[in-house]
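Trainee: File name query20.csv; file contents CSV, C-alpha atoms; full text below.
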chain,number,residue,atom,x,y,z
A,1,MET,CA,34.1,-20.5,-1.6
A,2,THR,CA,34.8,-17.4,-3.6
A,3,VAL,CA,32.1,-14.8,-3.4
A,4,HIS,CA,32.5,-11.9,-5.8
A,5,ALA,CA,31.5,-8.4,-4.8
A,6,PRO,CA,29.0,-6.5,-6.8
A,7,GLY,CA,30.5,-4.1,-9.3
A,8,PRO,CA,31.2,-3.6,-13.0
A,9,GLY,CA,30.9,-6.9,-14.8
A,10,PHE,CA,29.4,-8.8,-11.8
A,11,ARG,CA,26.7,-11.1,-12.8
A,12,PRO,CA,24.8,-12.4,-9.8
A,13,ARG,CA,23.3,-15.9,-9.5
A,14,ALA,CA,19.6,-15.3,-8.8
A,15,ALA,CA,16.5,-17.4,-8.0
A,16,VAL,CA,12.8,-16.5,-7.8
A,17,ALA,CA,11.1,-17.2,-4.5
A,18,MET,CA,7.4,-16.6,-4.4
A,19,SER,CA,4.1,-18.4,-5.2
A,20,GLU,CA,3.6,-19.7,-8.7
A,21,ASP,CA,0.5,-17.4,-9.0
A,22,ALA,CA,2.6,-14.4,-8.0
A,23,ALA,CA,5.3,-15.2,-10.4
A,24,SER,CA,3.0,-15.6,-13.3
A,25,ALA,CA,1.2,-12.3,-12.4
A,26,VAL,CA,4.3,-10.1,-11.8
A,27,LEU,CA,7.0,-11.7,-14.0
A,28,ASP,CA,5.8,-11.6,-17.6
A,29,PRO,CA,8.0,-13.0,-20.3
A,30,GLU,CA,9.6,-9.6,-21.1
A,31,SER,CA,10.4,-9.1,-17.4
A,32,LEU,CA,11.9,-12.6,-17.1
A,33,ALA,CA,14.0,-12.0,-20.2
A,34,ALA,CA,15.3,-8.7,-18.7
A,35,PHE,CA,16.2,-10.5,-15.5
A,36,ARG,CA,18.0,-13.2,-17.4
A,37,ALA,CA,20.0,-10.5,-19.2
A,38,LEU,CA,21.2,-9.2,-15.8
A,39,CYS,CA,21.6,-12.5,-13.9
A,40,ASP,CA,22.2,-16.1,-14.1
A,41,LEU,CA,18.6,-16.9,-13.2
A,42,ALA,CA,17.8,-20.3,-11.8
A,43,PRO,CA,15.3,-22.3,-14.0
A,44,PHE,CA,11.7,-22.4,-13.1
A,45,PRO,CA,9.6,-23.6,-11.3
A,46,VAL,CA,9.9,-20.9,-8.7
A,47,LEU,CA,10.9,-21.7,-5.2
A,48,ASP,CA,7.7,-21.7,-3.1
A,49,ASP,CA,9.0,-24.2,-0.6
A,50,LEU,CA,12.6,-23.5,0.5
A,51,SER,CA,12.9,-26.8,2.4
A,52,THR,CA,13.0,-29.2,-0.6
A,53,PRO,CA,16.2,-30.8,-1.9
A,54,ARG,CA,15.9,-28.8,-5.2
A,55,ALA,CA,15.5,-25.5,-3.3
A,56,ARG,CA,18.5,-26.2,-1.1
A,57,SER,CA,20.6,-27.1,-4.1
A,58,LEU,CA,19.7,-23.8,-5.9
A,59,LEU,CA,20.1,-21.7,-2.7
A,60,ALA,CA,23.6,-23.0,-2.3
A,61,ASP,CA,24.7,-21.0,-5.3
A,62,THR,CA,22.4,-18.0,-5.0
A,63,ASP,CA,23.7,-14.4,-4.6
A,64,LEU,CA,20.3,-12.7,-4.9
A,65,LEU,CA,16.7,-13.7,-4.3
A,66,ILE,CA,13.9,-12.2,-6.3
A,67,THR,CA,11.0,-12.5,-3.9
A,68,GLY,CA,7.2,-11.8,-4.1
A,69,TRP,CA,3.9,-12.7,-2.6
A,70,GLY,CA,4.0,-16.2,-1.1
A,71,CYS,CA,7.8,-16.2,-0.4
A,72,PRO,CA,8.5,-18.5,2.6
A,73,PRO,CA,10.3,-17.0,5.6
A,74,LEU,CA,14.0,-16.6,5.1
A,75,ASP,CA,14.9,-17.9,8.5
A,76,ALA,CA,18.2,-19.1,9.9
A,77,GLU,CA,17.8,-22.6,8.6
A,78,VAL,CA,17.2,-21.3,5.1
A,79,LEU,CA,20.1,-19.0,5.3
A,80,ARG,CA,22.4,-21.8,6.3
A,81,ALA,CA,21.6,-23.4,3.0
A,82,ALA,CA,22.3,-20.1,1.2
A,83,PRO,CA,25.9,-19.2,2.2
A,84,ARG,CA,26.3,-16.8,-0.8
A,85,LEU,CA,23.0,-15.0,-0.4
A,86,ARG,CA,23.7,-11.2,-0.1
A,87,ALA,CA,20.6,-9.4,-1.3
A,88,VAL,CA,16.8,-9.7,-1.6
A,89,VAL,CA,14.8,-7.8,-4.2
A,90,HIS,CA,11.1,-7.9,-3.3
A,91,THR,CA,8.6,-7.4,-6.1
A,92,ALA,CA,5.9,-6.3,-3.7
A,93,GLY,CA,5.5,-4.0,-0.7
A,94,SER,CA,5.9,-5.3,2.8
A,95,VAL,CA,8.8,-7.6,3.5
A,96,ARG,CA,7.5,-8.5,7.0
A,97,GLY,CA,6.3,-11.9,5.9
A,98,HIS,CA,9.6,-13.3,4.8
A,99,VAL,CA,12.6,-11.1,5.8
A,100,THR,CA,13.5,-12.3,9.3
A,101,ASP,CA,15.9,-11.2,12.0
A,102,ALA,CA,18.4,-13.8,10.6
A,103,CYS,CA,18.5,-11.8,7.4
A,104,TRP,CA,19.4,-8.6,9.2
A,105,GLU,CA,22.0,-10.4,11.3
A,106,ARG,CA,23.6,-11.8,8.2
A,107,GLY,CA,23.8,-8.3,6.7
A,108,ILE,CA,21.7,-9.1,3.7
A,109,GLU,CA,20.6,-6.1,1.7
A,110,VAL,CA,16.9,-5.8,1.1
A,111,SER,CA,15.0,-3.8,-1.5
A,112,SER,CA,11.2,-3.5,-1.8
A,113,ALA,CA,8.9,-2.3,-4.6
A,114,ALA,CA,6.7,-0.5,-2.0
A,115,ALA,CA,7.3,2.8,-3.8
A,116,ALA,CA,5.9,1.3,-7.0
A,117,ASN,CA,2.9,-0.3,-5.2
A,118,ALA,CA,2.1,3.1,-3.6
A,119,VAL,CA,1.3,4.6,-7.0
A,120,PRO,CA,-2.0,2.8,-7.7
A,121,VAL,CA,-3.1,3.1,-4.1
A,122,ALA,CA,-2.6,6.8,-4.2
A,123,GLU,CA,-4.4,7.0,-7.5
A,124,TYR,CA,-7.4,5.1,-6.1
A,125,THR,CA,-7.4,7.4,-3.1
A,126,LEU,CA,-7.4,10.5,-5.2
A,127,GLY,CA,-10.2,9.2,-7.4
A,128,MET,CA,-12.3,8.4,-4.4
A,129,ILE,CA,-11.6,11.8,-2.7
A,130,LEU,CA,-12.8,13.6,-5.9
A,131,LEU,CA,-15.8,11.3,-6.6
A,132,THR,CA,-17.1,11.4,-3.0
A,133,GLY,CA,-16.5,15.2,-2.9
A,134,LYS,CA,-18.8,15.5,-5.9
A,135,GLY,CA,-21.3,13.0,-4.4
A,136,VAL,CA,-21.0,10.8,-7.5
A,137,LEU,CA,-21.8,7.5,-5.9
A,138,GLU,CA,-25.0,8.5,-4.2
A,139,ARG,CA,-26.2,10.8,-7.0
A,140,ALA,CA,-25.6,8.1,-9.6
A,141,ARG,CA,-27.6,5.7,-7.5
A,142,ASP,CA,-30.5,8.2,-7.1
A,143,TYR,CA,-30.3,9.0,-10.8
A,144,ARG,CA,-30.7,5.3,-11.7
A,145,VAL,CA,-33.8,5.2,-9.6
A,146,SER,CA,-35.5,8.4,-10.7
A,147,ARG,CA,-34.2,8.5,-14.3
A,148,THR,CA,-34.7,12.3,-14.2
A,149,ARG,CA,-32.0,14.9,-13.8
A,150,GLY,CA,-33.8,17.2,-11.4
A,151,ASN,CA,-32.9,20.9,-10.8
A,152,TRP,CA,-29.1,21.0,-10.8
A,153,LEU,CA,-29.2,24.6,-9.7
A,154,ARG,CA,-30.4,23.4,-6.3
A,155,THR,CA,-27.4,21.2,-5.7
A,156,PRO,CA,-26.4,21.6,-2.0
A,157,ARG,CA,-23.3,23.7,-1.3
A,158,THR,CA,-21.8,20.7,0.5
A,159,VAL,CA,-21.3,19.1,-2.9
A,160,GLY,CA,-18.1,19.8,-4.7
A,161,ASN,CA,-14.3,19.8,-4.3
A,162,TYR,CA,-13.5,23.6,-4.3
A,163,HIS,CA,-11.7,24.4,-1.1
A,164,ARG,CA,-12.6,21.0,0.4
A,165,THR,CA,-10.5,20.0,3.4
A,166,VAL,CA,-8.9,16.6,3.2
A,167,GLY,CA,-7.0,14.9,6.1
A,168,ILE,CA,-4.2,12.5,5.6
A,169,LEU,CA,-3.5,10.1,8.5
A,170,SER,CA,0.2,9.2,8.2
A,171,ALA,CA,2.8,10.5,5.8
A,172,SER,CA,3.7,7.0,4.6
A,173,LEU,CA,4.9,6.4,1.0
A,174,ILE,CA,1.3,6.3,0.0
A,175,GLY,CA,0.2,9.2,2.2
A,176,ARG,CA,2.9,11.4,0.7
A,177,ARG,CA,2.0,10.3,-2.8
A,178,VAL,CA,-1.7,11.3,-2.2
A,179,ILE,CA,-0.5,14.7,-0.9
A,180,GLU,CA,1.5,15.1,-4.1
A,181,LEU,CA,-1.5,14.2,-6.3
A,182,LEU,CA,-3.8,16.6,-4.4
A,183,ARG,CA,-1.4,19.5,-5.0
A,184,PRO,CA,-3.0,20.7,-8.3
A,185,HIS,CA,-6.5,20.7,-6.8
A,186,ASP,CA,-8.1,23.5,-4.8
A,187,ILE,CA,-8.0,21.4,-1.7
A,188,HIS,CA,-6.7,22.2,1.7
A,189,VAL,CA,-4.7,19.3,3.2
A,190,LEU,CA,-4.2,18.5,6.8
A,191,LEU,CA,-1.8,15.9,8.1
A,192,HIS,CA,-1.3,13.9,11.2
A,193,ASP,CA,1.9,11.9,11.6
A,194,PRO,CA,3.7,11.9,15.0
A,195,TYR,CA,7.1,11.7,13.1
A,196,VAL,CA,6.5,14.7,10.9
A,197,GLY,CA,7.3,18.1,12.4
A,198,ASP,CA,6.1,21.5,11.4
A,199,ALA,CA,9.0,22.2,9.1
A,200,ASP,CA,8.5,18.9,7.2
A,201,ALA,CA,4.8,19.5,7.0
A,202,ALA,CA,5.5,23.0,5.5
A,203,ALA,CA,7.8,21.4,2.9
A,204,LEU,CA,5.0,19.0,2.0
A,205,GLY,CA,2.6,21.9,1.7
A,206,VAL,CA,0.2,20.7,4.4
A,207,GLU,CA,-1.0,21.8,7.8
A,208,ARG,CA,0.1,19.6,10.6
A,209,VAL,CA,-2.5,18.9,13.3
A,210,GLU,CA,-3.3,16.4,16.0
A,211,PRO,CA,-5.8,13.5,15.3
A,212,ALA,CA,-8.8,15.1,17.1
A,213,GLU,CA,-8.5,18.3,14.9
A,214,LEU,CA,-7.9,16.3,11.8
A,215,PHE,CA,-11.1,14.3,12.2
A,216,ALA,CA,-13.1,17.4,13.4
A,217,ARG,CA,-12.1,19.7,10.5
A,218,CYS,CA,-11.9,17.5,7.5
A,219,ASP,CA,-14.6,16.7,4.9
A,220,THR,CA,-12.6,13.6,4.0
A,221,VAL,CA,-10.1,11.6,6.0
A,222,SER,CA,-7.8,9.1,4.2
A,223,VAL,CA,-6.1,6.5,6.3
A,224,HIS,CA,-2.5,5.5,5.4
A,225,THR,CA,-1.3,4.1,8.7
A,226,PRO,CA,0.5,0.7,8.8
A,227,LEU,CA,-1.1,-1.8,11.1
A,228,LEU,CA,1.1,-2.2,14.1
A,229,PRO,CA,0.3,-3.1,17.7
A,230,ALA,CA,0.2,0.7,18.5
A,231,THR,CA,-2.1,1.6,15.6
A,232,ARG,CA,-4.8,-1.1,16.1
A,233,HIS,CA,-8.1,0.9,16.3
A,234,LEU,CA,-6.1,4.1,16.1
A,235,VAL,CA,-9.2,5.5,14.3
A,236,SER,CA,-11.3,5.2,17.4
A,237,ARG,CA,-15.0,5.8,18.1
A,238,GLU,CA,-14.2,9.1,19.6
A,239,LEU,CA,-12.5,10.3,16.4
A,240,ILE,CA,-15.2,8.9,14.1
A,241,ASP,CA,-17.9,10.6,16.2
A,242,ALA,CA,-16.0,13.9,15.8
A,243,MET,CA,-16.3,13.9,12.0
A,244,PRO,CA,-18.6,16.4,10.5
A,245,HIS,CA,-22.0,15.2,9.3
A,246,GLY,CA,-21.6,13.7,5.8
A,247,ALA,CA,-17.8,13.5,6.0
A,248,VAL,CA,-16.0,10.6,4.3
A,249,LEU,CA,-13.6,8.1,5.7
A,250,ILE,CA,-11.4,6.3,3.1
A,251,ASN,CA,-9.3,3.3,4.2
A,252,THR,CA,-6.8,1.7,1.9
A,253,SER,CA,-4.4,0.7,4.7
A,254,ARG,CA,-5.5,-2.2,6.9
A,255,GLY,CA,-9.0,-2.8,8.3
A,256,ALA,CA,-8.0,-3.1,11.9
A,257,VAL,CA,-6.5,0.4,12.0
A,258,VAL,CA,-10.2,1.5,12.2
A,259,ASP,CA,-12.7,0.6,14.9
A,260,GLN,CA,-15.0,-1.0,12.5
A,261,GLU,CA,-17.9,-1.4,14.9
A,262,ALA,CA,-17.8,2.4,15.6
A,263,LEU,CA,-17.5,3.1,11.8
A,264,THR,CA,-20.5,0.8,11.1
A,265,ASP,CA,-22.6,2.6,13.7
A,266,ALA,CA,-21.8,6.0,12.1
A,267,VAL,CA,-22.4,4.8,8.6
A,268,LEU,CA,-25.7,3.2,9.4
A,269,ALA,CA,-26.8,6.3,11.2
A,270,GLY,CA,-26.1,8.3,8.1
A,271,ARG,CA,-23.6,10.5,9.8
A,272,VAL,CA,-20.5,9.4,8.0
A,273,ARG,CA,-19.8,8.0,4.5
A,274,ALA,CA,-17.1,5.3,4.1
A,275,VAL,CA,-15.0,4.0,1.2
A,276,LEU,CA,-13.3,0.8,2.3
A,277,ASP,CA,-10.8,-1.1,0.3
A,278,VAL,CA,-9.9,-3.1,3.4
A,279,THR,CA,-12.0,-4.4,6.2
A,280,ASP,CA,-11.6,-6.4,9.4
A,281,PRO,CA,-11.9,-9.3,8.7
A,282,GLU,CA,-11.3,-9.4,4.9
A,283,ALA,CA,-13.8,-10.1,3.5
A,284,LEU,CA,-16.6,-9.2,5.9
A,285,PRO,CA,-19.1,-11.9,6.8
A,286,PRO,CA,-21.9,-12.0,4.2
A,287,GLU,CA,-24.5,-10.8,6.8
A,288,HIS,CA,-22.4,-7.7,7.8
A,289,PRO,CA,-24.6,-4.6,7.6
A,290,LEU,CA,-21.9,-2.6,5.8
A,291,TRP,CA,-22.5,-4.6,2.6
A,292,ASP,CA,-25.9,-3.1,2.1
A,293,ALA,CA,-25.3,0.3,3.8
A,294,GLU,CA,-26.4,3.2,1.7
A,295,HIS,CA,-23.4,5.3,2.7
A,296,ALA,CA,-20.6,2.7,2.3
A,297,LEU,CA,-18.6,1.5,-0.7
A,298,ILE,CA,-16.6,-1.6,-0.2
A,299,THR,CA,-14.0,-2.7,-2.8
A,300,PRO,CA,-12.1,-6.0,-2.7
A,301,HIS,CA,-8.6,-4.8,-1.7
A,302,LEU,CA,-8.0,-3.7,-5.3
A,303,ALA,CA,-6.3,-0.4,-4.7
A,304,GLY,CA,-2.8,-1.9,-4.8
A,305,SER,CA,-1.1,-3.1,-8.0
A,306,GLU,CA,-3.2,-5.3,-10.2
A,307,GLY,CA,-3.3,-6.2,-13.9
A,308,ASN,CA,-0.9,-4.1,-16.0
A,309,GLU,CA,0.3,-2.3,-12.8
A,310,TRP,CA,2.2,-5.5,-11.9
A,311,ARG,CA,4.7,-4.5,-14.6
A,312,ARG,CA,5.6,-1.4,-12.6
A,313,LEU,CA,6.7,-3.7,-9.7
A,314,ALA,CA,8.8,-5.9,-12.0
A,315,ASP,CA,10.4,-2.8,-13.6
A,316,LEU,CA,11.4,-1.4,-10.2
A,317,ALA,CA,12.8,-4.8,-9.1
A,318,LEU,CA,14.8,-5.0,-12.4
A,319,SER,CA,16.2,-1.5,-11.8
A,320,GLU,CA,17.2,-2.4,-8.2
A,321,THR,CA,18.8,-5.6,-9.4
A,322,ALA,CA,20.8,-3.7,-12.0
A,323,ARG,CA,21.9,-1.1,-9.5
A,324,TRP,CA,23.0,-3.7,-6.9
A,325,ALA,CA,24.9,-5.8,-9.4
A,326,SER,CA,26.8,-2.8,-10.6
A,327,GLY,CA,27.8,-1.9,-7.0
A,328,ALA,CA,25.6,1.3,-6.9
A,329,GLY,CA,23.4,-0.1,-4.1
A,330,PHE,CA,19.6,-0.1,-3.8
A,331,LEU,CA,17.6,3.1,-4.5
A,332,HIS,CA,14.7,1.7,-2.4
A,333,PRO,CA,16.4,-0.1,0.5
A,334,VAL,CA,14.5,-1.4,3.5
A,335,ARG,CA,16.3,-0.6,6.7
A,336,ARG,CA,15.9,-2.7,9.8
A,337,GLU,CA,15.5,0.3,12.0
A,338,ARG,CA,12.5,1.5,10.0
A,339,LEU,CA,10.5,-1.7,10.1
A,340,ALA,CA,8.6,-0.5,13.1
A,341,PHE,CA,7.1,2.3,11.0
A,342,LEU,CA,6.4,0.3,7.8
A,343,ALA,CA,3.3,-1.7,6.8
Take the structure I supplied and represent it as structure tokens, if you would.
Mentor:
Amino acid sequence: MTVHAPGPGFRPRAAVAMSEDAASAVLDPESLAAFRALCDLAPFPVLDDLSTPRARSLLADTDLLITGWGCPPLDAEVLRAAPRLRAVVHTAGSVRGHVTDACWERGIEVSSAAAANAVPVAEYTLGMILLTGKGVLERARDYRVSRTRGNWLRTPRTVGNYHRTVGILSASLIGRRVIELLRPHDIHVLLHDPYVGDADAAALGVERVEPAELFARCDTVSVHTPLLPATRHLVSRELIDAMPHGAVLINTSRGAVVDQEALTDAVLAGRVRAVLDVTDPEALPPEHPLWDAEHALITPHLAGSEGNEWRRLADLALSETARWASGAGFLHPVRRERLAFLA
């Protein structure tokens, strides 16, 4: 079998492997037309089951897989049916669900749209930092009840974002983007990440601290730590109890990174406010007290790419496909040795 190397004039044979819902969300007609201009794209329906005779027939001639949410695992058996496969371009963030050890052992190149997906999560986080700093959620609720403005000159000095201290837990793609978005504001940023040294922290324009200091000093702590065995309940009862009265915990990472029982106790006691785009489990049981807690806002895991933001994922995947086909290599590669630090 002749397998051509990527380079000028190379036109890869590609197939889409994800759920039908993911494909119709992320790959709009314009994106599909752009992919077809770059590749010999296998006809739809998408490959959401890689064990069928049709899937095996298409995989036999596939150089590149365009994957997304719902892609089945690319295990050794699948790879045996795909002898030409040399690259995976993922139209979402984490590749843990489908890129297996067999892919790395084959030397398959992998790209992810995690950088594109980080943008709306960081925007959500910035919005929540500023809104909670201003006390918008509680004050809007009180205004709806009283329907009178009150004396605004008696606003507590705890309200506002001037010289507020915000803590970022983990300098992930999203954490770094949040730091970047906070830069124009009069906000002091602390960071804890065991893999970021003082010099790197200085380059980011943040103060590097240990977790206990981060939680004790910050008006707001935003969690951006991937869920790994070592990070389960990383945000412990001890850290939550160290937060200043009225401080805010924002979690857009994974629910189990936070000791939810400890957070619930702190929220119900009125000591801590919480903005949770993720919980453990997801969704919480209907009777869970956080649903009706005065100091909690729970959103349905909406911070990541949705609606027109899906196009950003497709655009990044298109750019990566074009780079790979030209021989330039991926701009957003996923490295096997970095998987232990990724969501």
Trainee: Considering all atoms listed in the file, give me a table of residues in segment 225-306 of chain A that are at most 12 Å from segment 200-211 of chain A, with the closest atom pair and distance in Å for each, as a Markdown table.
Mentor:
| residue | atom | partner | partner_atom | distance |
| --- | --- | --- | --- | --- |
| A:Leu234 | CA | A:Pro211 | CA | 9.4 |
| A:Val235 | CA | A:Pro211 | CA | 8.7 |
| A:Ser236 | CA | A:Pro211 | CA | 10.2 |
| A:Glu238 | CA | A:Pro211 | CA | 10.4 |
| A:Leu239 | CA | A:Pro211 | CA | 7.5 |
| A:Ile240 | CA | A:Pro211 | CA | 10.5 |
| A:Ala242 | CA | A:Pro211 | CA | 10.2 |
| A:Met243 | CA | A:Pro211 | CA | 11.0 |
Trainee: Take the residues that were just selected and, keeping C-alpha atoms, output them as a PDB file, in the frame of the given file.
Mentor:
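Below is the file that was written, out.pdb:
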ATOM      1  CA  LEU A 234      -6.100   4.100  16.100  1.00  0.00           C
ATOM      2  CA  VAL A 235      -9.200   5.500  14.300  1.00  0.00           C
ATOM      3  CA  SER A 236     -11.300   5.200  17.400  1.00  0.00           C
ATOM      4  CA  GLU A 238     -14.200   9.100  19.600  1.00  0.00           C
ATOM      5  CA  LEU A 239     -12.500  10.300  16.400  1.00  0.00           C
ATOM      6  CA  ILE A 240     -15.200   8.900  14.100  1.00  0.00           C
ATOM      7  CA  ALA A 242     -16.000  13.900  15.800  1.00  0.00           C
ATOM      8  CA  MET A 243     -16.300  13.900  12.000  1.00  0.00           C
TER       9      MET A 243
END
Trainee: So, with only C-alpha atoms as the atoms that count, which of A:Ser51, A:Thr264, A:Ser111, A:Thr231 lies closest to Ser319 of chain A?
Mentor: A:Ser111
Trainee: What's around Arg139 of chain A at 12 Å? Count all atoms listed in the file, leave out sequence neighbours fewer than 3 positions away in its own chain, and write the answer as an MDAnalysis selection string.
Mentor: chainID A and resid 131:136 142:150 152 155:156 159 294:295
Trainee: With C-alpha atoms retained, export the selected residues as an mmCIF file, in the frame of the given file.
Mentor:
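Contents of the output file result-v9.cif:
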data_model
loop_
_atom_site.group_PDB
_atom_site.id
_atom_site.type_symbol
_atom_site.label_atom_id
_atom_site.label_comp_id
_atom_site.auth_asym_id
_atom_site.auth_seq_id
_atom_site.Cartn_x
_atom_site.Cartn_y
_atom_site.Cartn_z
ATOM 1 C CA LEU A 131 -15.800 11.300 -6.600
ATOM 2 C CA THR A 132 -17.100 11.400 -3.000
ATOM 3 C CA GLY A 133 -16.500 15.200 -2.900
ATOM 4 C CA LYS A 134 -18.800 15.500 -5.900
ATOM 5 C CA GLY A 135 -21.300 13.000 -4.400
ATOM 6 C CA VAL A 136 -21.000 10.800 -7.500
ATOM 7 C CA ASP A 142 -30.500 8.200 -7.100
ATOM 8 C CA TYR A 143 -30.300 9.000 -10.800
ATOM 9 C CA ARG A 144 -30.700 5.300 -11.700
ATOM 10 C CA VAL A 145 -33.800 5.200 -9.600
ATOM 11 C CA SER A 146 -35.500 8.400 -10.700
ATOM 12 C CA ARG A 147 -34.200 8.500 -14.300
ATOM 13 C CA THR A 148 -34.700 12.300 -14.200
ATOM 14 C CA ARG A 149 -32.000 14.900 -13.800
ATOM 15 C CA GLY A 150 -33.800 17.200 -11.400
ATOM 16 C CA TRP A 152 -29.100 21.000 -10.800
ATOM 17 C CA THR A 155 -27.400 21.200 -5.700
ATOM 18 C CA PRO A 156 -26.400 21.600 -2.000
ATOM 19 C CA VAL A 159 -21.300 19.100 -2.900
ATOM 20 C CA GLU A 294 -26.400 3.200 1.700
ATOM 21 C CA HIS A 295 -23.400 5.300 2.700
#
Trainee: Counting all atoms listed in the file, which residues of segment 258-330 of chain A fall within 12 Å of segment 67-77 of chain A, and what is the closest atom pair for each with its distance in Å at one decimal, ordered by chain and rising number, as JSON lines?
Mentor:
{"residue": "A:Trp310", "atom": "CA", "partner": "A:Gly68", "partner_atom": "CA", "distance": 11.2}
{"residue": "A:Leu313", "atom": "CA", "partner": "A:Gly68", "partner_atom": "CA", "distance": 9.9}
{"residue": "A:Ala314", "atom": "CA", "partner": "A:Gly68", "partner_atom": "CA", "distance": 10.0}
{"residue": "A:Ala317", "atom": "CA", "partner": "A:Thr67", "partner_atom": "CA", "distance": 9.5}
{"residue": "A:Leu318", "atom": "CA", "partner": "A:Thr67", "partner_atom": "CA", "distance": 12.0}
{"residue": "A:Thr321", "atom": "CA", "partner": "A:Thr67", "partner_atom": "CA", "distance": 11.8}
Trainee: Report, in Å with one decimal, the straight-line distance from atom CA of Asp280 of chain A to atom CA of Pro226 of chain A.
Mentor: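 The value is 14.0 Å.
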Trainee: Can you tell me which residues surround Pro83 of chain A at a distance of at most 9 Å, considering all atoms listed in the file, apart from same-chain residues fewer than 6 positions away, and format the answer as a compact mmCIF listing (two decimals) with C-alpha atoms, in the frame of the given file?
Mentor:
# COMPACT_ATOMS: atom_id res chain seq x y z
CA LEU A 59 20.10 -21.70 -2.70
CA ALA A 60 23.60 -23.00 -2.30
CA ASP A 61 24.70 -21.00 -5.30
CA THR A 62 22.40 -18.00 -5.00
CA ASP A 63 23.70 -14.40 -4.60
Trainee: Residues within 9 Å of Gly307 of chain A, please, as a list in words. Count only C-alpha atoms; anything in the same chain fewer than 4 positions from it doesn't count.
Mentor: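 Contacts, in chain order: Ala25, Val26 and Arg311 of chain A.
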Trainee: What does the distance between atom CA of Ala325 of chain A and atom CA of Leu32 of chain A come to in Å, to one decimal place?
Mentor: 16.6 Å
Trainee: In Å, how far is it from atom CA of Thr52 of chain A to atom CA of Ala17 of chain A?
Mentor: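 Atom-to-atom, atom CA of Thr52 of chain A and atom CA of Ala17 of chain A are spaced 12.8 Å apart.
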Trainee: Give the answer as one residue: which of A:His163, A:Ala23, A:Leu38, A:Ser170 has the shortest atom-to-atom distance to Pro8 of chain A, using only C-alpha atoms?
Mentor: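 Nearest candidate to Pro8 of chain A out of A:His163, A:Ala23, A:Leu38, A:Ser170: A:Leu38.
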Trainee: In the coordinate frame of the file, compute which residues have an atom within 10 Å of (23.0, -16.2, -2.2) when using only C-alpha atoms, and state them as a list in words.
Mentor: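 Result, sorted by chain then residue number: Val3, Pro12, Arg13, Ala14, Ala15, Leu58, Leu59, Ala60, Asp61, Thr62, Asp63, Leu64, Leu65, Leu79, Ala81, Ala82, Pro83, Arg84, Leu85, Arg86, Ala87, Val88 and Ile108 of chain A.
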Trainee: Neighbourhood query: residues within 10 Å of (-18.3, 10.5, 14.1), file coordinates, counting only C-alpha atoms; return as a ChimeraX atom specification.
Mentor: /A:215-216,236-247,249,262-263,265-267,269,271-272
Trainee: Need the shell around segment 177-193 of chain A: protein/DNA/RNA residues with any atom at most 10 Å away, counting all atoms listed in the file. Skip same-chain ones fewer than 6 positions apart. Format as a PyMOL selection string?
Mentor: chain A and resi 115+118-126+129-130+161-171+201+204-215+217-218+220-222+224-225
Trainee: With all atoms listed in the file as the atoms that count, which of A:Pro229, A:Pro300, A:Pro194, A:Gly93 lies nearest to Val334 of chain A?
Mentor: A:Gly93
